[in-house]
Amino acid sequence: MSHLRHMPLFAIAAAPMAAQCWAEAARERFGRRPRAGKWIAAAVCGLALGLSVYLAGRGGPFSPAARAAQLLRGRAYSIDDYPVRLCDFIEDARLPGRMWNDSRYAGYLIWRFSPETHRVFTDMRYDIFGARFLAEDYAVRLGAVEIRQGQAAQYGYLPRAENPDAAFELTWRHVFEKWGVDFAILDYLEGRDPNGRFYPWSTIPALDASSEWALVYRDPLERGLRIYLRLAPHTAEAFRRCRELAPYALYQRPGRAPFGE
C-alpha cells in the first residue's frame with residue numbers, strides 16, 4: 001500500500017464488485033440472493049471508503065487528509081513549501097545539462113521543467129524504478145553508502161564483481177560521473193551527524209572545497225537548498241549568468257514575494 005492517495009478511487013471502483021461477490025456467495029450458501037442486497041452494497045461501499053480515508057490520513061502532516069484539512073482552512077498553497085525560488089533561478093540562469101535532485105521535491109520539479117527543459121534524476125516511485133536509484137539517491141544525499149560489489153557491477157560502477165558479496169562504497173562522485181551531472185540541487189542539512197556536524201565524507205563540504213564545482217544558489221535560510229554547478233567549458237556561459245544574477249548566490253526573481261511572506 002505504498003500509494004495511499006489512490007485508496008479512495010480504489011474503494012469506489014472495488015466496492016460494487018465486492019458487494020456483488022458477497023451477494024453471489026450468499027446465494028450459493030443459502031440458495032438465494034439476500035433481499036437486502038442494495039443495503040449490503042451500500043454498507044460495503046461505505047466501509048471501503050471509510051477505510052481508505054482512514055489509511056490515507058495516517059501519513060502525518062503531509063498526508064492527503066492533512067493537506068485536504070489545510071485546504072478547508074484556507075491554506076491552499078505557500079511558495080515557502082516548495083522550491084519555487086530555486087526553480088526561478090534555474091530558469092533565469094538557463095542552467096544547462098543534466099540535473100541531479102533528490103526525490104523529496106521531484107514532483108514540483110517535474111511540474112516546472114519536464115519534459116521541456118530538464119528531467120529529474122528520480123522521484124519517490126522506487127517501487128517502479130528499483131533499488132538502484134534509491135542507493136544512488138542516498139549516496140549523493142549522504143555522501144556515500146555501502147552496497148555489495150555484485151550490486152555495483154549490476155548498476156554499472158564495476159566492470160565485474162570479483163567478490164559479489166564484498167562491500168563497495170558508492171559515493172556522490174561515482175553517481176555524478178556516471179550520469180554526467182552538470183548541476184546538483186542539495187539540501188544543506190543532509191549528511192550530518194546527530195550533533196549537526198558534517199560527516200567527513202559528506203557531499204556539500206567536498207563540493208565547497210572542490211575547484212571543479214561552484215555554489216551558484218542558496219536559499220535565504222541556512223537550512224535551505226543549494227545549487228552547485230560543474231565548472232567546465234560547456235557550463236562557462238551559464239556560470240557567468242549565475243554570477244550576474246546572484247553574485248552572492250542569493251536570488252529573488254523580480255515580482256516574486258520575499259521569503260517568508
# chains A, B, ... in the order shown; residues from 1 in each chain; ligands from 1
call {"tool": "residues_around", "arguments": {"residues": "A:Arg160", "least_positions_apart": "6", "cutoff": "10 Å", "atoms": "only C-alpha atoms", "output": "ChimeraX atom specification"}}
result
/A:149-154
call {"tool": "select_by_dssp", "arguments": {"residues": "stretch 64-252 of chain A", "states": "alpha helix (DSSP H)", "output": "count of residues only"}}
result
75
call {"tool": "residues_around", "arguments": {"residues": "stretch 120-129 of chain A", "least_positions_apart": "3", "cutoff": "9 Å", "atoms": "only C-alpha atoms", "output": "ChimeraX atom specification"}}
result
/A:2,98-107,109-110,113-114,132-134,137
call {"tool": "residues_around", "arguments": {"residues": "A:Val140", "least_positions_apart": "6", "cutoff": "7 Å", "atoms": "only C-alpha atoms", "output": "list in words"}}
result
Thr171, Trp172 and Thr203 of chain A
call {"tool": "residues_around", "arguments": {"residues": "A:Glu244", "least_positions_apart": "4", "cutoff": "12 Å", "atoms": "only C-alpha atoms", "output": "list in words"}}
result
Phe89, Asp92, Ala93, Val216, Tyr217, Glu237, Ala238, Phe239, Arg240, Tyr248, Ala249, Leu250 and Tyr251 of chain A
call {"tool": "write_last_selection", "arguments": {"atoms": "C-alpha atoms", "output": "PDB file, in the first residue's frame"}}
result
ATOM      1  CA  PHE A  89      16.897  30.728 -10.628  1.00  0.00           C
ATOM      2  CA  ASP A  92      16.512  32.648 -15.319  1.00  0.00           C
ATOM      3  CA  ALA A  93      20.139  31.449 -15.298  1.00  0.00           C
ATOM      4  CA  VAL A 216      25.666  29.349  -7.519  1.00  0.00           C
ATOM      5  CA  TYR A 217      22.423  29.451  -5.499  1.00  0.00           C
ATOM      6  CA  GLU A 237      28.476  30.830 -20.049  1.00  0.00           C
ATOM      7  CA  ALA A 238      25.936  29.572 -17.521  1.00  0.00           C
ATOM      8  CA  PHE A 239      28.382  30.269 -14.697  1.00  0.00           C
ATOM      9  CA  ARG A 240      28.768  33.850 -15.927  1.00  0.00           C
ATOM     10  CA  TYR A 248      26.402  36.057  -3.515  1.00  0.00           C
ATOM     11  CA  ALA A 249      24.326  33.033  -4.577  1.00  0.00           C
ATOM     12  CA  LEU A 250      21.114  34.686  -3.315  1.00  0.00           C
ATOM     13  CA  TYR A 251      18.406  35.309  -5.880  1.00  0.00           C
TER      14      TYR A 251
END
call {"tool": "closest_residue", "arguments": {"among": "A:Ala69, A:Trp111, A:Arg148, A:Ala167", "to": "A:Val84", "atoms": "only C-alpha atoms"}}
result
A:Trp111
call {"tool": "closest_residue", "arguments": {"among": "A:Ala23, A:Ala209, A:Glu136, A:Arg85", "to": "A:Gln252", "atoms": "only C-alpha atoms"}}
result
A:Arg85
call {"tool": "residues_around", "arguments": {"residues": "A:His174", "least_positions_apart": "2", "cutoff": "12 Å", "atoms": "only C-alpha atoms", "output": "list in words"}}
result
Ala135, Glu136, Asp137, Ala139, Val140, Gly143, Ala144, Val145, Ala152, Tyr155, Gly156, Tyr157, Leu158, Phe168, Glu169, Leu170, Thr171, Trp172, Phe176, Glu177, Lys178, Trp179, Gly180, Val181 and Thr203 of chain A
call {"tool": "residues_around", "arguments": {"residues": "A:Glu190", "least_positions_apart": "2", "cutoff": "7 Å", "atoms": "only C-alpha atoms", "output": "count of residues only"}}
result
5
call {"tool": "select_by_dssp", "arguments": {"residues": "stretch 76-172 of chain A", "states": "strand (DSSP E)", "output": "list of chain:residue names"}}
result
A:Arg98, A:Met99, A:Trp100, A:Ala144, A:Val145, A:Glu146, A:Ile147, A:Arg148, A:Ala167, A:Phe168, A:Glu169, A:Leu170, A:Thr171
call {"tool": "decode", "arguments": {"residues": "stretch 94-127 of chain A", "atoms": "N, CA, C and O atoms", "output": "CSV table (one decimal), in the first residue's frame"}}
result
chain,number,residue,atom,x,y,z
A,94,ARG,N,19.3,29.9,-16.9
A,94,ARG,CA,19.3,28.9,-18.0
A,94,ARG,C,20.4,27.9,-17.8
A,94,ARG,O,21.3,27.6,-18.6
A,95,LEU,N,20.3,27.2,-16.6
A,95,LEU,CA,21.3,26.2,-16.3
A,95,LEU,C,21.2,25.0,-17.3
A,95,LEU,O,20.2,24.5,-17.6
A,96,PRO,N,22.4,24.6,-17.9
A,96,PRO,CA,22.4,23.6,-18.9
A,96,PRO,C,22.6,22.2,-18.4
A,96,PRO,O,23.0,22.0,-17.2
A,97,GLY,N,22.4,21.2,-19.2
A,97,GLY,CA,22.8,19.9,-19.0
A,97,GLY,C,22.0,19.1,-18.0
A,97,GLY,O,20.8,19.5,-17.7
A,98,ARG,N,22.6,18.1,-17.4
A,98,ARG,CA,21.9,17.2,-16.6
A,98,ARG,C,21.8,17.7,-15.1
A,98,ARG,O,22.8,18.1,-14.6
A,99,MET,N,20.6,17.5,-14.6
A,99,MET,CA,20.3,18.0,-13.2
A,99,MET,C,20.3,16.7,-12.3
A,99,MET,O,19.7,15.7,-12.6
A,100,TRP,N,20.8,16.9,-11.1
A,100,TRP,CA,20.6,15.9,-10.0
A,100,TRP,C,19.7,16.6,-9.0
A,100,TRP,O,19.9,17.7,-8.5
A,101,ASN,N,18.7,15.8,-8.5
A,101,ASN,CA,17.9,16.2,-7.4
A,101,ASN,C,17.6,15.0,-6.6
A,101,ASN,O,17.6,13.9,-7.1
A,102,ASP,N,17.3,15.2,-5.3
A,102,ASP,CA,16.8,14.1,-4.5
A,102,ASP,C,15.3,14.0,-4.7
A,102,ASP,O,14.7,14.8,-5.3
A,103,SER,N,14.7,12.9,-4.2
A,103,SER,CA,13.4,12.5,-4.6
A,103,SER,C,12.3,13.3,-3.9
A,103,SER,O,11.1,13.3,-4.3
A,104,ARG,N,12.6,14.1,-2.9
A,104,ARG,CA,11.5,14.6,-2.0
A,104,ARG,C,10.7,15.7,-2.6
A,104,ARG,O,9.6,15.9,-2.3
A,105,TYR,N,11.3,16.5,-3.6
A,105,TYR,CA,10.6,17.6,-4.2
A,105,TYR,C,10.6,17.4,-5.7
A,105,TYR,O,10.4,18.4,-6.5
A,106,ALA,N,10.7,16.1,-6.1
A,106,ALA,CA,10.7,15.9,-7.6
A,106,ALA,C,9.4,16.2,-8.3
A,106,ALA,O,9.4,16.6,-9.4
A,107,GLY,N,8.3,16.1,-7.6
A,107,GLY,CA,7.0,16.4,-8.2
A,107,GLY,C,6.9,17.8,-8.7
A,107,GLY,O,6.4,18.1,-9.8
A,108,TYR,N,7.4,18.7,-7.8
A,108,TYR,CA,7.4,20.1,-8.2
A,108,TYR,C,8.3,20.4,-9.4
A,108,TYR,O,8.0,21.2,-10.3
A,109,LEU,N,9.5,19.8,-9.3
A,109,LEU,CA,10.5,20.0,-10.4
A,109,LEU,C,9.9,19.4,-11.7
A,109,LEU,O,10.1,20.1,-12.8
A,110,ILE,N,9.2,18.3,-11.7
A,110,ILE,CA,8.6,17.8,-12.9
A,110,ILE,C,7.6,18.8,-13.4
A,110,ILE,O,7.5,19.0,-14.6
A,111,TRP,N,6.8,19.3,-12.5
A,111,TRP,CA,5.7,20.3,-12.9
A,111,TRP,C,6.4,21.5,-13.6
A,111,TRP,O,5.8,22.1,-14.5
A,112,ARG,N,7.5,22.0,-13.0
A,112,ARG,CA,8.1,23.2,-13.6
A,112,ARG,C,8.9,23.0,-14.8
A,112,ARG,O,9.0,23.8,-15.7
A,113,PHE,N,9.6,21.8,-15.0
A,113,PHE,CA,10.6,21.6,-16.0
A,113,PHE,C,10.4,20.5,-17.0
A,113,PHE,O,10.8,20.6,-18.2
A,114,SER,N,9.7,19.5,-16.6
A,114,SER,CA,9.7,18.3,-17.5
A,114,SER,C,8.5,18.4,-18.4
A,114,SER,O,7.4,18.8,-18.0
A,115,PRO,N,8.6,17.9,-19.7
A,115,PRO,CA,9.9,17.4,-20.3
A,115,PRO,C,10.6,18.5,-21.1
A,115,PRO,O,11.6,18.2,-21.8
A,116,GLU,N,10.2,19.7,-21.0
A,116,GLU,CA,10.7,20.8,-22.0
A,116,GLU,C,12.2,21.1,-21.7
A,116,GLU,O,12.9,21.2,-22.7
A,117,THR,N,12.6,21.3,-20.5
A,117,THR,CA,14.0,21.8,-20.2
A,117,THR,C,14.8,20.8,-19.4
A,117,THR,O,16.0,20.6,-19.8
A,118,HIS,N,14.3,20.2,-18.4
A,118,HIS,CA,15.1,19.3,-17.6
A,118,HIS,C,14.2,18.1,-17.2
A,118,HIS,O,13.0,18.2,-16.9
A,119,ARG,N,14.9,17.0,-17.0
A,119,ARG,CA,14.3,15.8,-16.5
A,119,ARG,C,14.9,15.5,-15.1
A,119,ARG,O,16.1,15.7,-14.9
A,120,VAL,N,14.0,15.1,-14.1
A,120,VAL,CA,14.5,14.9,-12.8
A,120,VAL,C,15.4,13.6,-12.8
A,120,VAL,O,15.2,12.7,-13.6
A,121,PHE,N,16.3,13.5,-11.8
A,121,PHE,CA,17.1,12.3,-11.7
A,121,PHE,C,16.2,11.2,-11.2
A,121,PHE,O,16.3,10.1,-11.8
A,122,THR,N,15.4,11.4,-10.2
A,122,THR,CA,14.5,10.4,-9.8
A,122,THR,C,13.4,11.0,-9.0
A,122,THR,O,13.4,12.2,-8.7
A,123,ASP,N,12.3,10.2,-8.6
A,123,ASP,CA,11.3,10.7,-7.7
A,123,ASP,C,11.0,9.6,-6.7
A,123,ASP,O,11.8,8.7,-6.6
A,124,MET,N,9.9,9.7,-6.1
A,124,MET,CA,9.6,8.7,-4.9
A,124,MET,C,9.1,7.4,-5.4
A,124,MET,O,8.9,6.5,-4.6
A,125,ARG,N,9.0,7.1,-6.7
A,125,ARG,CA,8.4,5.9,-7.2
A,125,ARG,C,9.5,4.8,-7.3
A,125,ARG,O,9.7,4.2,-8.3
A,126,TYR,N,10.1,4.5,-6.1
A,126,TYR,CA,11.2,3.4,-6.1
A,126,TYR,C,10.6,2.0,-6.3
A,126,TYR,O,11.3,1.1,-6.7
A,127,ASP,N,9.3,1.9,-6.1
A,127,ASP,CA,8.7,0.6,-6.3
A,127,ASP,C,8.6,0.3,-7.8
A,127,ASP,O,8.5,-0.8,-8.3
